[in-house]
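Below is one structure, written out as structure tokens; the observations come after it.
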Amino acid sequence: QIDRITIPLHELSALPKASQRLLDDSAFDIEGWLAGRIADKFARAEAASFVNGDGIDKPKSFLAHTAVDDGIWAWGSLGYVPTGVDGDVTAESIIDVVYALGAEYRANAAFVMNSKTAGLGRKLKDKEGRFLWSDGLSAGQPATLMGYPVLVAEDMPDASTDGYAIAFGNFAAGYTVAERPDLRVLRDPFSAKPHVLFYATKRVGGDVSDFAAIKLLKFATA
């Protein structure tokens, strides 16, 4: 069966300004610095929306969709696996959520959590006392949990009772980001003389495109 998915685009914009004298006399490239700061601010806003966005004037995050017990999962919702402990995670629940994901998605799957939750994950051990967490072997290589990469996203919620602090899945297959066009900066030296305006815009959207590709860990007994 084939279905069409519509992902609306939402606009990000910024309008910083600098005096022409500052641009002429600065010891470094002010325009380049401003462009970098705008790009960084936009990237932070996008990242927050991909995790927590409600779809109103921003992308719709995967956490904004209904979550149901994975035993009764159906298309249109995300399946969750309970940790078995209120507000905490166990090694057994990590194993459960890995194998709740279909085999066709596991090859390129990754865990997503914030730094506080990662601190909990580093302490998990199997029944033989071996840590499930393994640090990257080289600079820039992500740590792994049960052999799967761990992506630290600070916008993920903290561990709390009934919270979804860990997600596991193939996000490249499960979540689609739409951008059109790339970041565009228009230089306007006329409208606010003696200042130069830099009008930056970007249109971006996002939503879950494959509900079978992402699973959640619910920090609860059921």
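Chain labels A, B, ... are given in the sequence in which chains occur in the structure tokens; within each chain residues are numbered consecutively from 1, and ligands are likewise numbered from 1 in the order shown.
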If we count only C-alpha atoms and set the cut-off at 6 Å, which residues sit around Gly205 of chain A, ignoring sequence neighbours fewer than 6 positions away in its own chain? Please answer as a PDB file with all heavy atoms, in the first residue's frame.
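Output file selection_21.pdb is given in full below:
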```
ATOM      1  N   PRO A   8       4.426  20.073   5.816  1.00  0.00           N
ATOM      2  CA  PRO A   8       4.414  21.523   5.590  1.00  0.00           C
ATOM      3  C   PRO A   8       5.741  22.153   6.002  1.00  0.00           C
ATOM      4  O   PRO A   8       6.421  21.675   6.922  1.00  0.00           O
ATOM      5  CB  PRO A   8       3.258  22.018   6.461  1.00  0.00           C
ATOM      6  CG  PRO A   8       3.118  20.985   7.533  1.00  0.00           C
ATOM      7  CD  PRO A   8       3.499  19.683   6.890  1.00  0.00           C
ATOM      8  N   LEU A   9       6.101  23.228   5.322  1.00  0.00           N
ATOM      9  CA  LEU A   9       7.320  23.962   5.629  1.00  0.00           C
ATOM     10  C   LEU A   9       6.995  25.194   6.465  1.00  0.00           C
ATOM     11  O   LEU A   9       5.994  25.861   6.244  1.00  0.00           O
ATOM     12  CB  LEU A   9       8.028  24.384   4.339  1.00  0.00           C
ATOM     13  CG  LEU A   9       8.485  23.248   3.414  1.00  0.00           C
ATOM     14  CD1 LEU A   9       9.136  23.821   2.155  1.00  0.00           C
ATOM     15  CD2 LEU A   9       9.446  22.319   4.119  1.00  0.00           C
ATOM     16  N   HIS A  10       7.852  25.490   7.421  1.00  0.00           N
ATOM     17  CA  HIS A  10       7.683  26.637   8.299  1.00  0.00           C
ATOM     18  C   HIS A  10       8.929  27.510   8.209  1.00  0.00           C
ATOM     19  O   HIS A  10      10.043  27.008   8.039  1.00  0.00           O
ATOM     20  CB  HIS A  10       7.455  26.187   9.741  1.00  0.00           C
ATOM     21  CG  HIS A  10       6.358  25.175   9.889  1.00  0.00           C
ATOM     22  ND1 HIS A  10       5.026  25.517   9.900  1.00  0.00           N
ATOM     23  CD2 HIS A  10       6.396  23.826   9.998  1.00  0.00           C
ATOM     24  CE1 HIS A  10       4.291  24.428  10.029  1.00  0.00           C
ATOM     25  NE2 HIS A  10       5.100  23.389  10.088  1.00  0.00           N
ATOM     26  N   PRO A  59       8.269  22.310  12.813  1.00  0.00           N
ATOM     27  CA  PRO A  59       8.147  20.883  12.483  1.00  0.00           C
ATOM     28  C   PRO A  59       7.469  20.095  13.601  1.00  0.00           C
ATOM     29  O   PRO A  59       7.498  20.484  14.769  1.00  0.00           O
ATOM     30  CB  PRO A  59       9.604  20.445  12.305  1.00  0.00           C
ATOM     31  CG  PRO A  59      10.345  21.695  11.932  1.00  0.00           C
ATOM     32  CD  PRO A  59       9.659  22.795  12.691  1.00  0.00           C
ATOM     33  N   VAL A 177      13.053  15.122   7.151  1.00  0.00           N
ATOM     34  CA  VAL A 177      13.264  16.563   7.270  1.00  0.00           C
ATOM     35  C   VAL A 177      13.181  17.169   5.878  1.00  0.00           C
ATOM     36  O   VAL A 177      13.872  16.717   4.956  1.00  0.00           O
ATOM     37  CB  VAL A 177      14.631  16.874   7.910  1.00  0.00           C
ATOM     38  CG1 VAL A 177      14.879  18.380   7.929  1.00  0.00           C
ATOM     39  CG2 VAL A 177      14.701  16.316   9.324  1.00  0.00           C
ATOM     40  N   ALA A 178      12.345  18.180   5.729  1.00  0.00           N
ATOM     41  CA  ALA A 178      12.182  18.860   4.435  1.00  0.00           C
ATOM     42  C   ALA A 178      12.707  20.289   4.555  1.00  0.00           C
ATOM     43  O   ALA A 178      12.322  21.018   5.479  1.00  0.00           O
ATOM     44  CB  ALA A 178      10.712  18.875   4.016  1.00  0.00           C
TER      45      ALA A 178
END
```
Using only C-alpha atoms, what does the table of segment 4-78 of chain A residues within 12 Å of segment 146-156 of chain A look like, with each row giving the shortest atom pair and its distance in Å to one decimal, sorted by chain and ascending number, as a Markdown table?
```
| residue | atom | partner | partner_atom | distance |
| --- | --- | --- | --- | --- |
| A:Arg44 | CA | A:Asp155 | CA | 9.4 |
| A:Ala45 | CA | A:Asp155 | CA | 10.1 |
| A:Glu46 | CA | A:Asp155 | CA | 10.6 |
| A:Ala47 | CA | A:Asp155 | CA | 7.5 |
| A:Ala48 | CA | A:Asp155 | CA | 5.6 |
| A:Ser49 | CA | A:Asp155 | CA | 8.7 |
| A:Phe50 | CA | A:Asp155 | CA | 9.0 |
| A:Val51 | CA | A:Met156 | CA | 6.4 |
| A:Asn52 | CA | A:Asp155 | CA | 7.3 |
| A:Gly53 | CA | A:Asp155 | CA | 10.4 |
| A:Ser61 | CA | A:Met156 | CA | 10.8 |
| A:Phe62 | CA | A:Met156 | CA | 10.9 |
| A:Leu63 | CA | A:Met156 | CA | 9.1 |
```
Selected residues written out with N, CA and C atoms, as a PDB file, in the first residue's frame:
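In the end it all went to again-v4.pdb:
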```pdb
ATOM      1  N   ARG A  44      19.870  25.215  16.143  1.00  0.00           N
ATOM      2  CA  ARG A  44      19.367  24.892  17.480  1.00  0.00           C
ATOM      3  C   ARG A  44      17.838  24.869  17.509  1.00  0.00           C
ATOM      4  N   ALA A  45      17.226  25.829  16.822  1.00  0.00           N
ATOM      5  CA  ALA A  45      15.759  25.869  16.774  1.00  0.00           C
ATOM      6  C   ALA A  45      15.208  24.643  16.044  1.00  0.00           C
ATOM      7  N   GLU A  46      15.862  24.251  14.966  1.00  0.00           N
ATOM      8  CA  GLU A  46      15.429  23.072  14.222  1.00  0.00           C
ATOM      9  C   GLU A  46      15.551  21.821  15.082  1.00  0.00           C
ATOM     10  N   ALA A  47      16.698  21.657  15.748  1.00  0.00           N
ATOM     11  CA  ALA A  47      16.919  20.473  16.572  1.00  0.00           C
ATOM     12  C   ALA A  47      15.872  20.361  17.670  1.00  0.00           C
ATOM     13  N   ALA A  48      15.529  21.498  18.307  1.00  0.00           N
ATOM     14  CA  ALA A  48      14.515  21.490  19.354  1.00  0.00           C
ATOM     15  C   ALA A  48      13.155  21.082  18.793  1.00  0.00           C
ATOM     16  N   SER A  49      12.849  21.552  17.586  1.00  0.00           N
ATOM     17  CA  SER A  49      11.552  21.230  16.983  1.00  0.00           C
ATOM     18  C   SER A  49      11.464  19.770  16.569  1.00  0.00           C
ATOM     19  N   PHE A  50      12.565  19.189  16.087  1.00  0.00           N
ATOM     20  CA  PHE A  50      12.533  17.791  15.668  1.00  0.00           C
ATOM     21  C   PHE A  50      12.269  16.853  16.837  1.00  0.00           C
ATOM     22  N   VAL A  51      12.584  17.306  18.060  1.00  0.00           N
ATOM     23  CA  VAL A  51      12.365  16.482  19.251  1.00  0.00           C
ATOM     24  C   VAL A  51      11.067  16.854  19.962  1.00  0.00           C
ATOM     25  N   ASN A  52      10.759  18.156  20.049  1.00  0.00           N
ATOM     26  CA  ASN A  52       9.623  18.613  20.856  1.00  0.00           C
ATOM     27  C   ASN A  52       8.591  19.436  20.092  1.00  0.00           C
ATOM     28  N   GLY A  53       8.759  19.665  18.817  1.00  0.00           N
ATOM     29  CA  GLY A  53       7.851  20.505  18.057  1.00  0.00           C
ATOM     30  C   GLY A  53       6.443  19.937  17.991  1.00  0.00           C
ATOM     31  N   SER A  61       7.484  16.913  15.901  1.00  0.00           N
ATOM     32  CA  SER A  61       8.493  15.980  16.394  1.00  0.00           C
ATOM     33  C   SER A  61       7.936  14.570  16.494  1.00  0.00           C
ATOM     34  N   PHE A  62       8.848  13.610  16.641  1.00  0.00           N
ATOM     35  CA  PHE A  62       8.400  12.230  16.827  1.00  0.00           C
ATOM     36  C   PHE A  62       7.754  12.041  18.200  1.00  0.00           C
ATOM     37  N   LEU A  63       8.143  12.859  19.200  1.00  0.00           N
ATOM     38  CA  LEU A  63       7.541  12.746  20.524  1.00  0.00           C
ATOM     39  C   LEU A  63       6.140  13.343  20.574  1.00  0.00           C
TER      40      LEU A  63
END
```
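Using only C-alpha atoms for every distance, the candidate list A:Asp3, A:Asp158, A:Asp69, A:Glu11 yields A:Glu11 as the residue closest to Lys202 of chain A.
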Problem set entry | Distance query segment 78-81 of chain A at most 9 Å, only C-alpha atoms, self and fewer than 4 positions along chain excluded, as a list of chain:residue names | A:Phe62, A:Leu63, A:His65, A:Thr66, A:Ala67, A:Val68, A:Asp69, A:Asp70, A:Gly71, A:Ile72, A:Trp73, A:Ala74, A:Ser93, A:Ile94, A:Asp96, A:Val97, A:Ala100, A:Tyr164, A:Ala167, A:Phe211, A:Ala212, A:Ala213, A:Ile214, A:Lys215, A:Leu216, A:Leu217, A:Lys218, A:Phe219, A:Ala222
Selection export as a PDB file, in the first residue's frame, atoms kept: C-alpha atoms:
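Listing of part-v8.pdb after writing:
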```pdb
ATOM      1  CA  PHE A  62       8.400  12.230  16.827  1.00  0.00           C
ATOM      2  CA  LEU A  63       7.541  12.746  20.524  1.00  0.00           C
ATOM      3  CA  HIS A  65       2.813  11.537  18.145  1.00  0.00           C
ATOM      4  CA  THR A  66       0.714   9.189  20.254  1.00  0.00           C
ATOM      5  CA  ALA A  67       2.726   6.470  22.000  1.00  0.00           C
ATOM      6  CA  VAL A  68       1.157   3.070  22.726  1.00  0.00           C
ATOM      7  CA  ASP A  69       2.412  -0.160  24.252  1.00  0.00           C
ATOM      8  CA  ASP A  70       4.410  -1.965  21.597  1.00  0.00           C
ATOM      9  CA  GLY A  71       2.260  -5.062  22.073  1.00  0.00           C
ATOM     10  CA  ILE A  72      -0.745  -3.235  20.577  1.00  0.00           C
ATOM     11  CA  TRP A  73       1.194  -0.948  18.217  1.00  0.00           C
ATOM     12  CA  ALA A  74      -0.536   0.179  15.032  1.00  0.00           C
ATOM     13  CA  SER A  93      14.538  -2.749  29.076  1.00  0.00           C
ATOM     14  CA  ILE A  94      17.405  -1.628  26.802  1.00  0.00           C
ATOM     15  CA  ASP A  96      13.776  -5.237  25.040  1.00  0.00           C
ATOM     16  CA  VAL A  97      13.587  -1.987  23.064  1.00  0.00           C
ATOM     17  CA  ALA A 100      11.189  -4.494  19.638  1.00  0.00           C
ATOM     18  CA  TYR A 164      10.007   9.028  27.200  1.00  0.00           C
ATOM     19  CA  ALA A 167      14.282   6.757  21.720  1.00  0.00           C
ATOM     20  CA  PHE A 211       6.108   4.717  12.340  1.00  0.00           C
ATOM     21  CA  ALA A 212       7.673   1.257  12.465  1.00  0.00           C
ATOM     22  CA  ALA A 213      11.232   2.639  12.431  1.00  0.00           C
ATOM     23  CA  ILE A 214      11.208   4.332  15.868  1.00  0.00           C
ATOM     24  CA  LYS A 215      10.567   2.899  19.337  1.00  0.00           C
ATOM     25  CA  LEU A 216      10.458   4.671  22.707  1.00  0.00           C
ATOM     26  CA  LEU A 217      11.426   3.680  26.226  1.00  0.00           C
ATOM     27  CA  LYS A 218       8.793   4.648  28.783  1.00  0.00           C
ATOM     28  CA  PHE A 219      10.261   5.174  32.239  1.00  0.00           C
ATOM     29  CA  ALA A 222       3.787  -0.383  32.407  1.00  0.00           C
TER      30      ALA A 222
END
```
Exercise. Which residues come within 10 Å of Ser209 of chain A, counting only C-alpha atoms, excluding same-chain residues fewer than 5 positions away, as a VMD selection string?
Worked result: chain A and resid 4 to 7 62 76 171 to 177
Skipping near chain neighbours, those fewer than 4 positions away, what residues fall within 10 Å of Leu34 of chain A using only C-alpha atoms, listed as a short mmCIF file (atom, residue, chain, number, x, y, z; two decimals) with N, CA and C atoms, in the first residue's frame?
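What ended up in around.cif:
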```cif
data_model
loop_
_atom_site.label_atom_id
_atom_site.label_comp_id
_atom_site.auth_asym_id
_atom_site.auth_seq_id
_atom_site.Cartn_x
_atom_site.Cartn_y
_atom_site.Cartn_z
N PRO A 16 19.35 40.69 11.97
CA PRO A 16 20.37 41.46 12.70
C PRO A 16 20.88 42.62 11.85
N LYS A 17 21.52 43.57 12.50
CA LYS A 17 22.07 44.71 11.75
C LYS A 17 23.42 45.11 12.35
N ALA A 18 24.23 45.75 11.54
CA ALA A 18 25.54 46.26 11.97
C ALA A 18 25.79 47.57 11.25
N ASP A 29 36.01 39.40 10.07
CA ASP A 29 34.89 39.38 9.13
C ASP A 29 33.56 39.36 9.90
N ILE A 30 32.96 40.54 10.11
CA ILE A 30 31.70 40.63 10.84
C ILE A 30 30.58 39.92 10.09
N ILE A 38 23.81 33.14 12.89
CA ILE A 38 22.44 32.89 12.43
C ILE A 38 22.25 31.40 12.13
N ALA A 39 23.22 30.81 11.41
CA ALA A 39 23.12 29.39 11.08
C ALA A 39 23.07 28.54 12.35
N ASP A 40 23.88 28.89 13.35
CA ASP A 40 23.90 28.14 14.60
C ASP A 40 22.55 28.27 15.34
N PHE A 198 20.79 42.45 7.69
CA PHE A 198 21.03 41.12 7.13
C PHE A 198 19.77 40.29 7.38
#
```
For this session: Could you please write out, as a ChimeraX atom specification, every residue of chain A that DSSP assigns to strand (DSSP E or B)?
Result: /A:10-14,17-19,54,60,67-69,78-82,110-113,125,131,133-134,144-145,148-152,166-169,175-179,184-192,195-208,214-218
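Using only C-alpha atoms for every distance, the candidate list A:Met113, A:Ser26, A:Ser19, A:Phe42 yields A:Phe42 as the residue closest to Lys58 of chain A.
Backbone DSSP assigns helix (DSSP H, G or I) in segment 65-204 of chain A to A:Asp70, A:Gly71, A:Ile72, A:Ala91, A:Glu92, A:Ser93, A:Ile94, A:Ile95, A:Asp96, A:Val97, A:Val98, A:Tyr99, A:Ala100, A:Ala103, A:Glu104, A:Tyr105, A:Arg106, A:Ser115, A:Lys116, A:Thr117, A:Ala118, A:Gly119, A:Leu120, A:Gly121, A:Phe171, A:Ala172, A:Ala173, A:Gly174.
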So that I can check the surroundings of Leu145 of chain A, please list as a PDB file with N, CA and C atoms, in the first residue's frame every protein, DNA and RNA residue that reaches within 12 Å of it, counting only C-alpha atoms and ignoring chain neighbours fewer than 4 positions away.
```
ATOM      1  N   ALA A  91      18.859  -2.519  32.395  1.00  0.00           N
ATOM      2  CA  ALA A  91      19.547  -3.175  31.287  1.00  0.00           C
ATOM      3  C   ALA A  91      18.577  -4.037  30.486  1.00  0.00           C
ATOM      4  N   ILE A  94      16.608  -2.001  27.972  1.00  0.00           N
ATOM      5  CA  ILE A  94      17.405  -1.628  26.802  1.00  0.00           C
ATOM      6  C   ILE A  94      17.412  -2.769  25.796  1.00  0.00           C
ATOM      7  N   ILE A  95      17.596  -3.989  26.293  1.00  0.00           N
ATOM      8  CA  ILE A  95      17.565  -5.158  25.405  1.00  0.00           C
ATOM      9  C   ILE A  95      16.194  -5.302  24.763  1.00  0.00           C
ATOM     10  N   VAL A  97      13.915  -2.981  24.075  1.00  0.00           N
ATOM     11  CA  VAL A  97      13.587  -1.987  23.064  1.00  0.00           C
ATOM     12  C   VAL A  97      14.395  -2.226  21.783  1.00  0.00           C
ATOM     13  N   VAL A  98      15.608  -2.764  21.931  1.00  0.00           N
ATOM     14  CA  VAL A  98      16.405  -3.077  20.737  1.00  0.00           C
ATOM     15  C   VAL A  98      15.694  -4.115  19.887  1.00  0.00           C
ATOM     16  N   ALA A 109      20.245   1.614  13.191  1.00  0.00           N
ATOM     17  CA  ALA A 109      19.541   2.236  14.306  1.00  0.00           C
ATOM     18  C   ALA A 109      20.511   2.915  15.271  1.00  0.00           C
ATOM     19  N   ALA A 110      19.968   3.812  16.098  1.00  0.00           N
ATOM     20  CA  ALA A 110      20.763   4.529  17.094  1.00  0.00           C
ATOM     21  C   ALA A 110      19.859   4.898  18.262  1.00  0.00           C
ATOM     22  N   PHE A 111      20.474   5.064  19.431  1.00  0.00           N
ATOM     23  CA  PHE A 111      19.773   5.588  20.595  1.00  0.00           C
ATOM     24  C   PHE A 111      19.867   7.111  20.589  1.00  0.00           C
ATOM     25  N   VAL A 112      18.814   7.774  21.073  1.00  0.00           N
ATOM     26  CA  VAL A 112      18.805   9.228  21.230  1.00  0.00           C
ATOM     27  C   VAL A 112      18.382   9.546  22.663  1.00  0.00           C
ATOM     28  N   MET A 113      19.177  10.360  23.340  1.00  0.00           N
ATOM     29  CA  MET A 113      18.886  10.739  24.729  1.00  0.00           C
ATOM     30  C   MET A 113      19.689  11.983  25.060  1.00  0.00           C
ATOM     31  N   ALA A 118      22.081   9.873  29.470  1.00  0.00           N
ATOM     32  CA  ALA A 118      23.288   9.138  29.101  1.00  0.00           C
ATOM     33  C   ALA A 118      24.090   8.747  30.330  1.00  0.00           C
ATOM     34  N   GLY A 119      24.072   9.610  31.353  1.00  0.00           N
ATOM     35  CA  GLY A 119      24.741   9.272  32.608  1.00  0.00           C
ATOM     36  C   GLY A 119      24.161   8.028  33.245  1.00  0.00           C
ATOM     37  N   LEU A 120      22.840   7.842  33.114  1.00  0.00           N
ATOM     38  CA  LEU A 120      22.212   6.620  33.616  1.00  0.00           C
ATOM     39  C   LEU A 120      22.605   5.419  32.766  1.00  0.00           C
ATOM     40  N   GLY A 121      22.656   5.627  31.459  1.00  0.00           N
ATOM     41  CA  GLY A 121      22.984   4.532  30.556  1.00  0.00           C
ATOM     42  C   GLY A 121      24.395   3.997  30.754  1.00  0.00           C
ATOM     43  N   ARG A 122      25.327   4.870  31.126  1.00  0.00           N
ATOM     44  CA  ARG A 122      26.709   4.437  31.324  1.00  0.00           C
ATOM     45  C   ARG A 122      26.850   3.448  32.485  1.00  0.00           C
ATOM     46  N   LYS A 123      25.879   3.437  33.388  1.00  0.00           N
ATOM     47  CA  LYS A 123      25.981   2.587  34.581  1.00  0.00           C
ATOM     48  C   LYS A 123      25.342   1.213  34.388  1.00  0.00           C
ATOM     49  N   LEU A 124      24.671   0.994  33.271  1.00  0.00           N
ATOM     50  CA  LEU A 124      23.935  -0.255  33.091  1.00  0.00           C
ATOM     51  C   LEU A 124      24.879  -1.428  32.838  1.00  0.00           C
ATOM     52  N   LYS A 125      24.592  -2.553  33.499  1.00  0.00           N
ATOM     53  CA  LYS A 125      25.395  -3.768  33.330  1.00  0.00           C
ATOM     54  C   LYS A 125      24.471  -4.948  33.032  1.00  0.00           C
ATOM     55  N   ASP A 126      25.016  -5.938  32.313  1.00  0.00           N
ATOM     56  CA  ASP A 126      24.242  -7.156  32.097  1.00  0.00           C
ATOM     57  C   ASP A 126      24.374  -8.075  33.311  1.00  0.00           C
ATOM     58  N   ARG A 130      28.944  -6.963  32.976  1.00  0.00           N
ATOM     59  CA  ARG A 130      29.599  -6.215  31.903  1.00  0.00           C
ATOM     60  C   ARG A 130      28.769  -4.981  31.550  1.00  0.00           C
ATOM     61  N   PHE A 131      29.458  -3.870  31.359  1.00  0.00           N
ATOM     62  CA  PHE A 131      28.772  -2.637  31.004  1.00  0.00           C
ATOM     63  C   PHE A 131      28.190  -2.734  29.594  1.00  0.00           C
ATOM     64  N   LEU A 132      26.958  -2.254  29.420  1.00  0.00           N
ATOM     65  CA  LEU A 132      26.353  -2.193  28.090  1.00  0.00           C
ATOM     66  C   LEU A 132      26.903  -1.031  27.277  1.00  0.00           C
ATOM     67  N   TRP A 133      27.431  -0.027  27.987  1.00  0.00           N
ATOM     68  CA  TRP A 133      27.936   1.199  27.345  1.00  0.00           C
ATOM     69  C   TRP A 133      29.395   1.017  26.967  1.00  0.00           C
ATOM     70  N   SER A 134      29.767   1.512  25.795  1.00  0.00           N
ATOM     71  CA  SER A 134      31.162   1.475  25.354  1.00  0.00           C
ATOM     72  C   SER A 134      31.500   2.800  24.707  1.00  0.00           C
ATOM     73  N   ASP A 135      32.582   3.434  25.149  1.00  0.00           N
ATOM     74  CA  ASP A 135      32.993   4.708  24.564  1.00  0.00           C
ATOM     75  C   ASP A 135      33.585   4.501  23.175  1.00  0.00           C
ATOM     76  N   GLY A 136      33.508   5.554  22.338  1.00  0.00           N
ATOM     77  CA  GLY A 136      34.077   5.492  21.006  1.00  0.00           C
ATOM     78  C   GLY A 136      35.576   5.242  21.050  1.00  0.00           C
ATOM     79  N   PRO A 149      25.034   3.154  18.132  1.00  0.00           N
ATOM     80  CA  PRO A 149      25.496   4.515  18.455  1.00  0.00           C
ATOM     81  C   PRO A 149      24.522   5.245  19.359  1.00  0.00           C
ATOM     82  N   VAL A 150      25.080   6.094  20.225  1.00  0.00           N
ATOM     83  CA  VAL A 150      24.277   6.938  21.107  1.00  0.00           C
ATOM     84  C   VAL A 150      24.422   8.381  20.650  1.00  0.00           C
ATOM     85  N   LEU A 151      23.328   8.993  20.227  1.00  0.00           N
ATOM     86  CA  LEU A 151      23.321  10.388  19.811  1.00  0.00           C
ATOM     87  C   LEU A 151      22.772  11.217  20.971  1.00  0.00           C
ATOM     88  N   ILE A 166      14.304   8.096  26.284  1.00  0.00           N
ATOM     89  CA  ILE A 166      15.179   7.407  25.332  1.00  0.00           C
ATOM     90  C   ILE A 166      14.358   6.973  24.130  1.00  0.00           C
ATOM     91  N   PHE A 168      14.845   4.862  20.333  1.00  0.00           N
ATOM     92  CA  PHE A 168      15.733   3.965  19.596  1.00  0.00           C
ATOM     93  C   PHE A 168      15.101   3.691  18.247  1.00  0.00           C
TER      94      PHE A 168
END
```
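Take the candidates A:Ala35, A:Ile56, A:Ala14, A:Leu101 and check each one against Gly206 of chain A using only C-alpha atoms; the shortest distance goes to A:Ile56.
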Problem set entry | Interatomic distance (Å, one decimal) between atom CA of Ala220 of chain A and atom CA of Gly169 of chain A |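 That distance, rounded to one decimal, is 19.8 Å.
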